[in-house]
Structures are given as structure tokens and as C-alpha cells.
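Visitor: Pasting target11.pdb here (PDB, C-alpha atoms):
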ATOM      1  CA  MET C1136     -98.847   7.449 101.615
ATOM      2  CA  SER C1137     -98.632   6.902 105.294
ATOM      3  CA  LYS C1138     -95.434   7.202 107.326
ATOM      4  CA  SER C1139     -94.464   4.247 109.379
ATOM      5  CA  LYS C1140     -93.835   5.066 112.984
ATOM      6  CA  GLY C1141     -90.233   4.334 114.052
ATOM      7  CA  THR C1142     -89.663   1.916 116.895
ATOM      8  CA  LYS C1143     -88.063   3.366 120.038
ATOM      9  CA  LYS C1144     -85.002   1.518 121.208
ATOM     10  CA  THR C1145     -84.494   1.036 124.901
ATOM     11  CA  PHE C1146     -81.211   0.198 126.621
ATOM     12  CA  LYS C1147     -81.219  -2.021 129.593
ATOM     13  CA  GLY C1148     -78.582  -1.378 132.293
ATOM     14  CA  PHE C1149     -76.727  -3.961 134.366
ATOM     15  CA  THR C1150     -78.655  -5.624 137.098
ATOM     16  CA  LEU C1151     -77.237  -5.803 140.613
ATOM     17  CA  ILE C1152     -76.459  -9.475 140.172
ATOM     18  CA  GLU C1153     -74.579  -8.796 136.937
ATOM     19  CA  LEU C1154     -72.555  -6.045 138.603
ATOM     20  CA  LEU C1155     -71.664  -8.366 141.466
ATOM     21  CA  VAL C1156     -70.559 -11.030 139.002
ATOM     22  CA  VAL C1157     -68.315  -8.528 137.159
ATOM     23  CA  ILE C1158     -66.813  -7.294 140.438
ATOM     24  CA  SER C1159     -66.181 -10.874 141.535
ATOM     25  CA  ILE C1160     -64.423 -11.659 138.253
ATOM     26  CA  ILE C1161     -62.222  -8.545 138.592
ATOM     27  CA  ALA C1162     -61.384  -9.443 142.186
ATOM     28  CA  LEU C1163     -60.465 -12.967 141.110
ATOM     29  CA  LEU C1164     -58.228 -11.679 138.333
ATOM     30  CA  VAL C1165     -56.497  -9.280 140.735
ATOM     31  CA  SER C1166     -55.913 -12.083 143.250
ATOM     32  CA  ILE C1167     -54.364 -14.166 140.481
ATOM     33  CA  LEU C1168     -52.228 -11.342 139.094
ATOM     34  CA  MET C1169     -50.975  -9.806 142.361
ATOM     35  CA  PRO C1170     -48.518 -12.597 143.262
ATOM     36  CA  ALA C1171     -47.127 -12.497 139.732
ATOM     37  CA  LEU C1172     -46.817  -8.699 139.839
ATOM     38  CA  ASN C1173     -45.198  -8.824 143.270
ATOM     39  CA  LYS C1174     -42.753 -11.463 142.057
ATOM     40  CA  ALA C1175     -41.920  -9.315 139.033
ATOM     41  CA  LYS C1176     -41.323  -6.323 141.321
ATOM     42  CA  GLN C1177     -39.043  -8.374 143.570
ATOM     43  CA  GLN C1178     -37.109  -9.566 140.533
ATOM     44  CA  ALA C1179     -36.725  -5.971 139.330
ATOM     45  CA  TYR C1180     -35.365  -4.980 142.748
ATOM     46  CA  GLN C1181     -32.893  -7.847 142.606
ATOM     47  CA  VAL C1182     -31.697  -6.897 139.127
ATOM     48  CA  ALA C1183     -31.163  -3.281 140.220
ATOM     49  CA  CYS C1184     -29.444  -4.422 143.420
ATOM     50  CA  SER C1185     -27.123  -6.731 141.498
ATOM     51  CA  SER C1186     -26.248  -3.883 139.141
ATOM     52  CA  ASN C1187     -25.421  -1.646 142.112
ATOM     53  CA  GLN C1188     -23.148  -4.244 143.642
ATOM     54  CA  LYS C1189     -21.459  -4.832 140.303
ATOM     55  CA  ASN C1190     -20.607  -1.122 140.155
ATOM     56  CA  LEU C1191     -19.477  -1.084 143.788
ATOM     57  CA  VAL C1192     -17.151  -4.053 143.512
ATOM     58  CA  LEU C1193     -15.626  -2.740 140.259
ATOM     59  CA  ALA C1194     -15.025   0.607 141.986
ATOM     60  CA  TRP C1195     -13.462  -1.281 144.907
ATOM     61  CA  ILE C1196     -11.103  -3.011 142.462
ATOM     62  CA  GLN C1197     -10.267   0.342 140.807
ATOM     63  CA  TYR C1198      -9.422   1.871 144.167
ATOM     64  CA  ASN C1199      -7.086  -1.008 145.043
ATOM     65  CA  ASP C1200      -5.402  -0.855 141.632
ATOM     66  CA  SER C1201      -4.863   2.893 142.030
ATOM     67  CA  ASN C1202      -3.448   2.573 145.552
ATOM     68  CA  ASN C1203      -0.677  -0.003 145.252
ATOM     69  CA  ASP C1204      -2.983  -2.942 145.932
ATOM     70  CA  ASN C1205      -4.011  -1.501 149.329
ATOM     71  CA  ILE C1206      -7.619  -2.325 150.238
ATOM     72  CA  VAL C1207      -9.797   0.676 151.031
ATOM     73  CA  ALA C1208     -10.609   1.118 154.718
ATOM     74  CA  HIS C1209     -13.994  -0.333 155.585
ATOM     75  CA  TYR C1210     -14.593   0.867 159.142
ATOM     76  CA  VAL C1211     -16.806   3.970 158.998
ATOM     77  CA  THR C1212     -16.087   6.197 161.999
ATOM     78  CA  GLU C1213     -14.772   9.675 162.750
ATOM     79  CA  SER C1214     -11.269   8.225 163.123
ATOM     80  CA  HIS C1215     -11.245   7.241 159.449
ATOM     81  CA  MET C1216     -12.475  10.475 157.946
ATOM     82  CA  ARG C1217     -10.353  12.490 155.551
ATOM     83  CA  GLY C1218      -7.632  14.431 157.288
ATOM     84  CA  SER C1219      -7.849  12.374 160.466
ATOM     85  CA  GLY C1220      -4.415  10.823 159.967
ATOM     86  CA  ASN C1221      -5.909   7.345 159.532
ATOM     87  CA  PRO C1222      -6.734   5.569 156.251
ATOM     88  CA  HIS C1223      -9.672   7.180 154.478
ATOM     89  CA  SER C1224     -12.771   4.963 154.637
ATOM     90  CA  TRP C1225     -14.764   3.908 151.562
ATOM     91  CA  VAL C1226     -17.715   6.003 152.840
ATOM     92  CA  GLU C1227     -17.934   8.418 155.743
ATOM     93  CA  PRO C1228     -20.468   9.127 158.507
ATOM     94  CA  PRO C1229     -23.368  11.546 157.833
ATOM     95  CA  GLN C1230     -22.152  15.110 157.335
ATOM     96  CA  ILE C1231     -23.606  18.569 156.837
ATOM     97  CA  PRO C1232     -24.032  19.140 153.061
ATOM     98  CA  GLY C1233     -22.138  22.017 151.520
ATOM     99  CA  ASP C1234     -20.319  23.034 154.709
ATOM    100  CA  SER C1235     -16.599  22.447 154.275
ATOM    101  CA  THR C1236     -13.579  23.261 156.422
ATOM    102  CA  GLY C1237     -10.417  22.708 154.470
ATOM    103  CA  PRO C1238     -10.201  19.237 152.902
ATOM    104  CA  ASP C1239     -13.041  17.795 154.938
ATOM    105  CA  PHE C1240     -16.771  18.224 155.113
ATOM    106  CA  SER C1241     -17.953  19.441 158.486
ATOM    107  CA  LEU C1242     -19.004  16.641 160.801
ATOM    108  CA  VAL C1243     -22.525  16.432 162.055
ATOM    109  CA  PRO C1244     -22.110  17.521 165.724
ATOM    110  CA  SER C1245     -20.919  14.696 167.938
ATOM    111  CA  GLY C1246     -23.770  12.417 168.932
ATOM    112  CA  ARG C1247     -26.067  13.499 166.103
ATOM    113  CA  TYR C1248     -25.483  10.346 164.112
ATOM    114  CA  ARG C1249     -24.781   8.217 167.172
ATOM    115  CA  GLY C1250     -26.820   7.562 170.277
ATOM    116  CA  ALA C1251     -30.277   8.738 171.261
ATOM    117  CA  VAL C1252     -30.443  11.910 169.140
ATOM    118  CA  GLY C1253     -29.665  10.226 165.848
ATOM    119  CA  SER C1254     -33.056  11.308 164.513
ATOM    120  CA  ASN C1255     -31.475  14.686 163.698
ATOM    121  CA  VAL C1256     -29.706  13.045 160.769
ATOM    122  CA  THR C1257     -31.274  13.799 157.381
ATOM    123  CA  GLU C1258     -31.004  11.878 154.134
ATOM    124  CA  GLY C1259     -28.968  14.759 152.738
ATOM    125  CA  MET C1260     -26.424  14.356 155.536
ATOM    126  CA  ARG C1261     -26.198  10.642 154.836
ATOM    127  CA  LYS C1262     -25.635  11.226 151.118
ATOM    128  CA  THR C1263     -22.976  13.832 151.866
ATOM    129  CA  GLY C1264     -21.121  11.178 153.851
ATOM    130  CA  LEU C1265     -21.236   8.899 150.804
ATOM    131  CA  ARG C1266     -19.803  11.626 148.564
ATOM    132  CA  ALA C1267     -16.986  12.231 151.058
ATOM    133  CA  GLY C1268     -15.866   8.592 150.935
ATOM    134  CA  ALA C1269     -12.692   7.315 149.311
ATOM    135  CA  MET C1270     -14.586   5.382 146.620
ATOM    136  CA  TRP C1271     -16.861   8.240 145.484
ATOM    137  CA  LYS C1272     -14.644   9.333 142.577
ATOM    138  CA  TYR C1273     -15.033   5.880 141.032
ATOM    139  CA  LEU C1274     -18.843   5.920 141.303
ATOM    140  CA  LYS C1275     -20.268   9.481 141.217
ATOM    141  CA  GLU C1276     -23.857   8.259 141.720
ATOM    142  CA  GLU C1277     -25.611   8.177 145.101
ATOM    143  CA  GLU C1278     -28.191   5.662 143.831
ATOM    144  CA  VAL C1279     -25.490   2.999 143.543
ATOM    145  CA  PHE C1280     -25.403   2.805 147.353
ATOM    146  CA  HIS C1281     -29.127   2.090 147.643
ATOM    147  CA  CYS C1282     -31.241  -0.952 146.731
ATOM    148  CA  PRO C1283     -34.703   0.158 145.487
ATOM    149  CA  GLY C1284     -36.226  -2.570 147.636
ATOM    150  CA  ASP C1285     -34.781  -0.935 150.768
ATOM    151  CA  LYS C1286     -37.665   1.143 152.150
ATOM    152  CA  ARG C1287     -36.148   2.057 155.526
ATOM    153  CA  GLN C1288     -35.864   5.749 154.644
ATOM    154  CA  LYS C1289     -39.677   5.844 154.583
ATOM    155  CA  GLU C1290     -40.190   4.187 157.963
ATOM    156  CA  GLY C1291     -41.743   6.048 160.866
ATOM    157  CA  ASP C1292     -38.783   5.469 163.182
ATOM    158  CA  LEU C1293     -36.345   8.261 162.271
ATOM    159  CA  ASP C1294     -33.439   6.379 163.829
ATOM    160  CA  LYS C1295     -33.831   3.651 161.197
ATOM    161  CA  GLN C1296     -34.261   5.824 158.114
ATOM    162  CA  MET C1297     -31.020   4.661 156.531
ATOM    163  CA  TYR C1298     -30.118   5.238 152.912
ATOM    164  CA  ARG C1299     -26.991   3.133 152.351
ATOM    165  CA  THR C1300     -27.896  -0.493 151.728
ATOM    166  CA  TYR C1301     -24.470  -2.043 151.279
ATOM    167  CA  ALA C1302     -21.499  -2.660 153.538
ATOM    168  CA  ILE C1303     -17.997  -4.100 153.368
ATOM    169  CA  PRO C1304     -17.473  -6.963 155.841
ATOM    170  CA  SER C1305     -14.857  -6.557 158.535
ATOM    171  CA  GLY C1306     -11.483  -8.277 158.407
ATOM    172  CA  ILE C1307     -10.132  -6.558 155.284
ATOM    173  CA  GLY C1308      -8.683  -3.112 154.694
ATOM    174  CA  ALA C1309      -6.526  -0.829 156.777
ATOM    175  CA  ALA C1310      -8.779  -0.598 159.832
ATOM    176  CA  LYS C1311      -7.942  -3.041 162.593
ATOM    177  CA  ASN C1312     -10.700  -3.086 165.163
ATOM    178  CA  SER C1313     -10.227  -5.725 167.865
ATOM    179  CA  ASN C1314     -13.956  -5.667 168.685
ATOM    180  CA  SER C1315     -15.038  -6.857 165.264
ATOM    181  CA  GLY C1316     -15.116 -10.568 166.008
ATOM    182  CA  ILE C1317     -11.906 -10.950 164.003
ATOM    183  CA  ALA C1318      -8.438 -10.861 165.527
ATOM    184  CA  SER C1319      -6.540  -7.761 164.351
ATOM    185  CA  ASP C1320      -3.487  -9.804 163.342
ATOM    186  CA  LYS C1321      -5.624 -11.703 160.845
ATOM    187  CA  PHE C1322      -6.763  -8.679 158.836
ATOM    188  CA  ILE C1323      -6.076  -8.698 155.075
ATOM    189  CA  THR C1324      -4.715  -5.383 153.787
ATOM    190  CA  LYS C1325      -3.679  -6.241 150.214
ATOM    191  CA  ALA C1326      -6.208  -7.194 147.522
ATOM    192  CA  SER C1327      -3.782  -9.694 146.016
ATOM    193  CA  ALA C1328      -3.672 -11.497 149.373
ATOM    194  CA  ILE C1329      -7.312 -12.558 149.075
ATOM    195  CA  LYS C1330      -7.242 -16.191 148.017
ATOM    196  CA  PHE C1331      -9.882 -17.497 145.626
ATOM    197  CA  SER C1332     -11.297 -14.026 144.926
ATOM    198  CA  SER C1333     -14.217 -15.504 142.997
ATOM    199  CA  GLU C1334     -15.378 -17.112 146.257
ATOM    200  CA  LYS C1335     -15.037 -14.107 148.606
ATOM    201  CA  TYR C1336     -17.742 -11.455 148.854
ATOM    202  CA  ILE C1337     -16.722  -7.839 149.398
ATOM    203  CA  PHE C1338     -20.150  -6.178 149.476
ATOM    204  CA  ALA C1339     -23.306  -7.416 151.156
ATOM    205  CA  GLU C1340     -26.790  -6.044 151.754
ATOM    206  CA  VAL C1341     -27.081  -5.218 155.433
ATOM    207  CA  SER C1342     -30.076  -4.213 157.545
ATOM    208  CA  TYR C1343     -29.233  -1.542 160.148
ATOM    209  CA  ASP C1344     -31.952  -1.877 162.737
ATOM    210  CA  ASN C1345     -30.842  -0.292 166.005
ATOM    211  CA  ASN C1346     -29.283   2.910 167.315
ATOM    212  CA  TRP C1347     -25.750   1.589 167.556
ATOM    213  CA  GLN C1348     -25.705   0.574 163.913
ATOM    214  CA  LYS C1349     -26.501   4.059 162.675
ATOM    215  CA  ASN C1350     -22.829   4.887 163.217
ATOM    216  CA  TYR C1351     -22.146   2.958 159.992
ATOM    217  CA  PRO C1352     -19.460   0.589 161.352
ATOM    218  CA  ASP C1353     -17.952  -2.267 159.460
ATOM    219  CA  GLN C1354     -20.107  -5.332 159.214
ATOM    220  CA  PHE C1355     -19.081  -8.332 161.285
ATOM    221  CA  ILE C1356     -21.920 -10.447 159.845
ATOM    222  CA  ILE C1357     -20.616 -13.645 161.427
ATOM    223  CA  ASP C1358     -18.447 -14.040 164.529
ATOM    224  CA  MET C1359     -15.299 -15.679 163.203
ATOM    225  CA  ASN C1360     -14.022 -16.372 166.724
ATOM    226  CA  LEU C1361     -16.822 -18.931 167.125
ATOM    227  CA  LYS C1362     -15.525 -20.996 164.187
ATOM    228  CA  ASN C1363     -15.119 -24.144 166.276
ATOM    229  CA  SER C1364     -18.358 -23.820 168.212
ATOM    230  CA  ALA C1365     -21.461 -25.904 167.517
ATOM    231  CA  THR C1366     -23.411 -22.667 167.196
ATOM    232  CA  LYS C1367     -22.627 -19.405 165.400
ATOM    233  CA  THR C1368     -23.656 -15.834 166.167
ATOM    234  CA  LEU C1369     -24.734 -13.467 163.392
ATOM    235  CA  TRP C1370     -23.688  -9.983 164.437
ATOM    236  CA  VAL C1371     -25.661  -7.924 161.959
ATOM    237  CA  PRO C1372     -28.632  -9.172 159.934
ATOM    238  CA  LEU C1373     -28.348  -9.203 156.183
ATOM    239  CA  SER C1374     -31.277  -7.786 154.247
ATOM    240  CA  ILE C1375     -33.839  -9.659 152.164
ATOM    241  CA  TRP C1376     -35.610  -6.831 150.370
ATOM    242  CA  HIS C1377     -36.268  -8.901 147.254
ATOM    243  CA  GLY C1378     -37.735 -12.239 148.174
ATOM    244  CA  LYS C1379     -35.895 -14.606 150.518
ATOM    245  CA  SER C1380     -32.491 -13.821 149.068
ATOM    246  CA  SER C1381     -29.583 -11.419 149.467
ATOM    247  CA  THR C1382     -27.068 -10.241 146.874
ATOM    248  CA  PHE C1383     -23.287 -10.194 147.243
ATOM    249  CA  GLY C1384     -20.513  -8.531 145.237
ATOM    250  CA  PHE C1385     -17.371 -10.690 144.992
ATOM    251  CA  ALA C1386     -13.695  -9.733 144.906
ATOM    252  CA  ASP C1387     -13.281 -10.812 141.285
ATOM    253  CA  GLY C1388     -16.083  -8.464 140.166
ATOM    254  CA  HIS C1389     -19.017 -10.866 139.787
ATOM    255  CA  VAL C1390     -22.303 -10.753 141.740
ATOM    256  CA  GLU C1391     -24.308 -13.605 143.252
ATOM    257  CA  SER C1392     -27.696 -13.917 144.913
ATOM    258  CA  ARG C1393     -28.127 -16.282 147.852
ATOM    259  CA  LYS C1394     -31.542 -17.703 148.718
ATOM    260  CA  TRP C1395     -31.702 -18.488 152.444
ATOM    261  CA  LEU C1396     -32.755 -22.041 153.166
ATOM    262  CA  ASN C1397     -32.864 -22.063 156.970
ATOM    263  CA  LYS C1398     -36.181 -20.666 158.247
ATOM    264  CA  ASP C1399     -34.730 -19.230 161.469
ATOM    265  CA  ILE C1400     -32.009 -17.353 159.613
ATOM    266  CA  ALA C1401     -34.462 -16.094 156.978
ATOM    267  CA  ASP C1402     -36.796 -14.848 159.748
ATOM    268  CA  TYR C1403     -33.856 -13.232 161.569
ATOM    269  CA  PHE C1404     -32.846 -11.373 158.418
ATOM    270  CA  ARG C1405     -36.428 -10.379 157.617
ATOM    271  CA  ASP C1406     -37.117  -8.705 160.974
ATOM    272  CA  ARG C1407     -34.593  -9.086 163.782
ATOM    273  CA  SER C1408     -36.689  -6.994 166.205
ATOM    274  CA  ALA C1409     -39.698  -9.285 165.832
ATOM    275  CA  TYR C1410     -37.421 -12.318 166.026
ATOM    276  CA  ARG C1411     -35.975 -11.109 169.319
ATOM    277  CA  ALA C1412     -39.377 -10.126 170.682
ATOM    278  CA  ALA C1413     -40.509 -13.710 170.158
ATOM    279  CA  GLY C1414     -37.608 -14.896 172.315
ATOM    280  CA  ARG C1415     -36.031 -16.946 169.548
ATOM    281  CA  PRO C1416     -32.296 -17.829 169.898
ATOM    282  CA  GLU C1417     -29.723 -15.684 168.075
ATOM    283  CA  SER C1418     -27.008 -18.333 168.093
ATOM    284  CA  PHE C1419     -27.595 -20.714 165.221
ATOM    285  CA  THR C1420     -26.600 -24.342 164.868
ATOM    286  CA  ASP C1421     -24.369 -25.054 161.889
ATOM    287  CA  ASN C1422     -26.371 -25.277 158.690
ATOM    288  CA  GLU C1423     -25.961 -24.759 154.967
ATOM    289  CA  ASP C1424     -26.563 -21.001 155.199
ATOM    290  CA  LEU C1425     -23.936 -20.487 157.916
ATOM    291  CA  GLU C1426     -21.487 -22.636 155.975
ATOM    292  CA  TRP C1427     -22.047 -20.490 152.889
ATOM    293  CA  LEU C1428     -21.577 -17.245 154.843
ATOM    294  CA  PHE C1429     -18.448 -18.441 156.627
ATOM    295  CA  ASN C1430     -16.634 -19.944 153.655
ATOM    296  CA  ARG C1431     -17.247 -16.879 151.473
ATOM    297  CA  PHE C1432     -16.454 -14.302 154.148
ATOM    298  CA  PRO C1433     -13.361 -12.494 152.794
ATOM    299  CA  ASN C1434     -11.332 -13.161 155.926
ATOM    300  CA  SER C1435     -12.298 -16.838 156.331
ATOM    301  CA  GLN C1436      -9.034 -17.918 154.674
ATOM    302  CA  ASN C1437      -7.305 -17.046 157.949
ATOM    303  CA  TYR C1438      -9.581 -19.309 159.939
ATOM    304  CA  GLN C1439     -10.158 -23.026 159.908
ATOM    305  CA  LYS C1440     -13.210 -23.974 157.879
ATOM    306  CA  HIS C1441     -15.953 -25.713 159.810
TER     307      HIS C1441
END
Output the file's structure in the form of C-alpha cells.

Guide:
Amino acid sequence: MSKSKGTKKTFKGFTLIELLVVISIIALLVSILMPALNKAKQQAYQVACSSNQKNLVLAWIQYNDSNNDNIVAHYVTESHMRGSGNPHSWVEPPQIPGDSTGPDFSLVPSGRYRGAVGSNVTEGMRKTGLRAGAMWKYLKEEEVFHCPGDKRQKEGDLDKQMYRTYAIPSGIGAAKNSNSGIASDKFITKASAIKFSSEKYIFAEVSYDNNWQKNYPDQFIIDMNLKNSATKTLWVPLSIWHGKSSTFGFADGHVESRKWLNKDIADYFRDRSAYRAAGRPESFTDNEDLEWLFNRFPNSQNYQKH
């Protein structure tokens, strides 16, 4: 009986053309999926940002309720630090972590968080300033102050490596700064004095993008003294780290997202430095976005609507 010889199987590999076809298909799929993935990421940032602002505005309400309806000071300077004799601000300037002198954390040496040598400020110093603020006991989490879409702390320019994303607009609270674009006699100091609280934002996403802003002042956002002018000046750009929109926390505790419709304003918010470099005007003609910002500014009740 003879044995039959087994047949040898051979395996053929991919040809170059087949490999190129596969690579092309993968590249096509990636190009299709990337916008969807990017959109999903932006939506996740917005959800996290909205959650942060919800926590912030509820803490703001708690502070007011615990302090006889007095609104927490919003202007963040040395003059409003603990023990300074002035109302304690909601957050404080960057400070040296773990170094305390009496009731206050030790200040970063004068000029370290202001002016040309601001690059000496570390993220730890910034977070220490947050913990020293008047609202910290109602929050207890540093992450609440930071939108995950805010990547400034990873930028190459050390002067712009901010951590805090959110700010309280000027015109409310104990601080009365005459240079804030709002007359000092029009400040609102009691929470109950804010009319239509569901229509007035208390927290906004703000983009600090120059040396002066690293001092963490209050946020003028829009120059109220130009209310009757055909054009309006935006003092500080809002941030759009999740799509073409910004989130706001309102005085009644709810949060809204605003999608910017005007291209010039959206471009200004996206990158003010590039906007200025292109020589584009920073005074904007009245439009739907400016109307929205003005009418919902917490202090706008003391000014004529335009």
C-alpha cells in the first residue's frame, strides 16, 4: 500500500497594491472619524465646564447666604487679601504654598505675579491663591476653577500659563474700582439687589492673554460707559475652549452656553493677539452677541439697555 504524498500549502502575502489600498481605507476612515471625535471631545469639555460653573455659582450663593446677603468681593488684588482690612476676595493672587504668617499665606514677592517677571509664578502658587480665597470653604476642589479645555498652562509662554479659567464680572461685590468701566456708585453689593437673577451671569470663562491680566483683576468684559455709543469695546476676551461657545453661571444657580454668532467677536475671543496683529478693530458695532453680553451683565440693570 503506497502512501499518498501530502500537498504543501503556501501562503501568499499582501501585494504592495493591496497594502496601499488598506492604508488608504484606514486614512479615509480616520478622516471621517476625526471631526466626530473632536466634536465629542469639545462636548465633553463643555459638560465639564458647565459642571464647574454650576458648583461655582452655588458656592457664590452659599457665601452670600452666610454673609448677610453681602456679595463676595470680586477684585483680586493685594488690597483684598485676608487681613488687609478690605473685603476678602473670592480668590486671591498667586501665593507661596505652605508658607503662612498668621492668618494669611505669604505673598509672592511684589512684582512676581505682576509685570515683566511674572514667569516666576508656578501652578502651585496659583492654586494656593485659590485655596486662600473667600469661597474655598464652599468648594474644596482646585479642579472646579479650571476648564479641561483650557490648555494655557501648557503653553510655551510662561506669562500666560494660567490655571484659573473663570472670573466674576466687575460691578458687583464690595470692591469699587473706578477704572473698571463701571461707575463706583453703580456697584451692586447685595445679592438680593440683583434683578432678574435668572438673566444675570456671575461667572464667565475668561482668556487672560497679556502681562497685565496675570494680576487676576475683576473682569470688565464690556465697557458699560459706552452703552449709548454705536460701537462697544470688549475689555477682556472671553474664552472659547469648546467650540465657538462660552459657558456662563447665572445668579439663580443655572448655567448656559452661548454660541457666538458674530465672526469678528468669535475671532477676537479665539485669539486676541492674532486679531490685533491683523490690525482688526477692537470696537464692535452693536450686534446680537454684544446685546446678549450687555443685557446679561450683572450690573446692566443700572444702565440703560441699548

Visitor: Residue by residue, what does the PyMOL selection byres ((chain C and resi 1274) around 12) grab here? Present the result as a PyMOL selection string.

Guide: chain C and resi 1187-1198+1225-1226+1265-1273+1275-1280

Visitor: Choose the residue, out of C:Leu1151, C:Ile1307, C:Ile1167, C:Cys1282, that has the smallest atom-to-atom separation from Ala1208 in chain C; count only C-alpha atoms.

Guide: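 Counting only C-alpha atoms, the residue closest to Ala1208 in chain C is C:Ile1307.
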
Visitor: I need the residue nearest Gln1177 in chain C from this list: C:Pro1228, C:Pro1283, C:Pro1433, C:Gly1384. Use all atoms listed in the file for the distance.

Guide: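 Closest to Gln1177 in chain C, using all atoms listed in the file: C:Pro1283.
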
Visitor: In Å to one decimal, how far is CA of Ser1380 in chain C from CA of Trp1395 in chain C?

Guide: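 Taking CA of Trp1395 in chain C and CA of Ser1380 in chain C, their separation equals 5.8 Å.
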
Visitor: In terms of the shortest atom-to-atom distance over all atoms listed in the file, which of C:Lys1398, C:Arg1407, C:Lys1286, C:Lys1176 is closest to Pro1372 in chain C?

Guide: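 Ranked by minimum distance to Pro1372 in chain C, first place goes to C:Arg1407.
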
Visitor: Go through C:Tyr1298, C:Phe1432, C:Tyr1403, C:Phe1331 and flag the residue nearest Phe1383 in chain C, using only C-alpha atoms for the distances.

Guide: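 Using only C-alpha atoms, Phe1383 in chain C sits closest to C:Phe1432.
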
Visitor: Show which residues sit within 12 Å of Gln1181 in chain C, as a PDB file with C-alpha atoms, keeping the file's coordinate frame. Count only C-alpha atoms, and ignore same-chain residues fewer than 4 positions away.

Guide:
ATOM      1  CA  LYS C1174     -42.753 -11.463 142.057  1.00  0.00           C
ATOM      2  CA  ALA C1175     -41.920  -9.315 139.033  1.00  0.00           C
ATOM      3  CA  LYS C1176     -41.323  -6.323 141.321  1.00  0.00           C
ATOM      4  CA  GLN C1177     -39.043  -8.374 143.570  1.00  0.00           C
ATOM      5  CA  SER C1185     -27.123  -6.731 141.498  1.00  0.00           C
ATOM      6  CA  SER C1186     -26.248  -3.883 139.141  1.00  0.00           C
ATOM      7  CA  ASN C1187     -25.421  -1.646 142.112  1.00  0.00           C
ATOM      8  CA  GLN C1188     -23.148  -4.244 143.642  1.00  0.00           C
ATOM      9  CA  HIS C1281     -29.127   2.090 147.643  1.00  0.00           C
ATOM     10  CA  CYS C1282     -31.241  -0.952 146.731  1.00  0.00           C
ATOM     11  CA  PRO C1283     -34.703   0.158 145.487  1.00  0.00           C
ATOM     12  CA  GLY C1284     -36.226  -2.570 147.636  1.00  0.00           C
ATOM     13  CA  ASP C1285     -34.781  -0.935 150.768  1.00  0.00           C
ATOM     14  CA  GLU C1340     -26.790  -6.044 151.754  1.00  0.00           C
ATOM     15  CA  SER C1374     -31.277  -7.786 154.247  1.00  0.00           C
ATOM     16  CA  ILE C1375     -33.839  -9.659 152.164  1.00  0.00           C
ATOM     17  CA  TRP C1376     -35.610  -6.831 150.370  1.00  0.00           C
ATOM     18  CA  HIS C1377     -36.268  -8.901 147.254  1.00  0.00           C
ATOM     19  CA  GLY C1378     -37.735 -12.239 148.174  1.00  0.00           C
ATOM     20  CA  LYS C1379     -35.895 -14.606 150.518  1.00  0.00           C
ATOM     21  CA  SER C1380     -32.491 -13.821 149.068  1.00  0.00           C
ATOM     22  CA  SER C1381     -29.583 -11.419 149.467  1.00  0.00           C
ATOM     23  CA  THR C1382     -27.068 -10.241 146.874  1.00  0.00           C
ATOM     24  CA  PHE C1383     -23.287 -10.194 147.243  1.00  0.00           C
ATOM     25  CA  VAL C1390     -22.303 -10.753 141.740  1.00  0.00           C
ATOM     26  CA  GLU C1391     -24.308 -13.605 143.252  1.00  0.00           C
ATOM     27  CA  SER C1392     -27.696 -13.917 144.913  1.00  0.00           C
ATOM     28  CA  ARG C1393     -28.127 -16.282 147.852  1.00  0.00           C
ATOM     29  CA  LYS C1394     -31.542 -17.703 148.718  1.00  0.00           C
TER      30      LYS C1394
END

Visitor: Counting only C-alpha atoms, which residue out of C:Ala1386, C:Leu1172, C:Ala1401, C:Leu1154 sits closest to Ile1329 in chain C?

Guide: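 Closest residue, counting only C-alpha atoms: C:Ala1386.
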
Visitor: Take CA of Ser1305 in chain C and CA of Lys1321 in chain C and report the distance between them in Å, one decimal.

Guide: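 According to the coordinates, CA of Ser1305 in chain C and CA of Lys1321 in chain C are separated by 10.8 Å.
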
Visitor: For the structure provided, state which residues fall under the PyMOL selection byres ((chain C and resi 1308) around 12), and present them as number ranges by chain.

Guide: C: 1195, 1198-1199, 1202, 1204-1211, 1215, 1221-1225, 1303-1307, 1309-1312, 1319, 1321-1329, 1337, 1353, 1433-1434

Visitor: I'd like to know which of C:Trp1427, C:Tyr1180, C:Tyr1301, C:Phe1385 is closest to Glu1334 in chain C, using all atoms listed in the file.

Guide: C:Phe1385

Visitor: Measure the distance from CA of Thr1263 in chain C to CA of Ser1342 in chain C in Å and round it to one decimal.

Guide: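 If I compute the distance from CA of Thr1263 in chain C to CA of Ser1342 in chain C, I get 20.2 Å.
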
Visitor: What do you get, as a VMD selection string, if you spell out every residue that the PyMOL selection byres ((chain C and resi 1408) around 12) selects here?

Guide: chain C and resid 1342 to 1345 1371 to 1372 1402 to 1407 1409 to 1415 1417
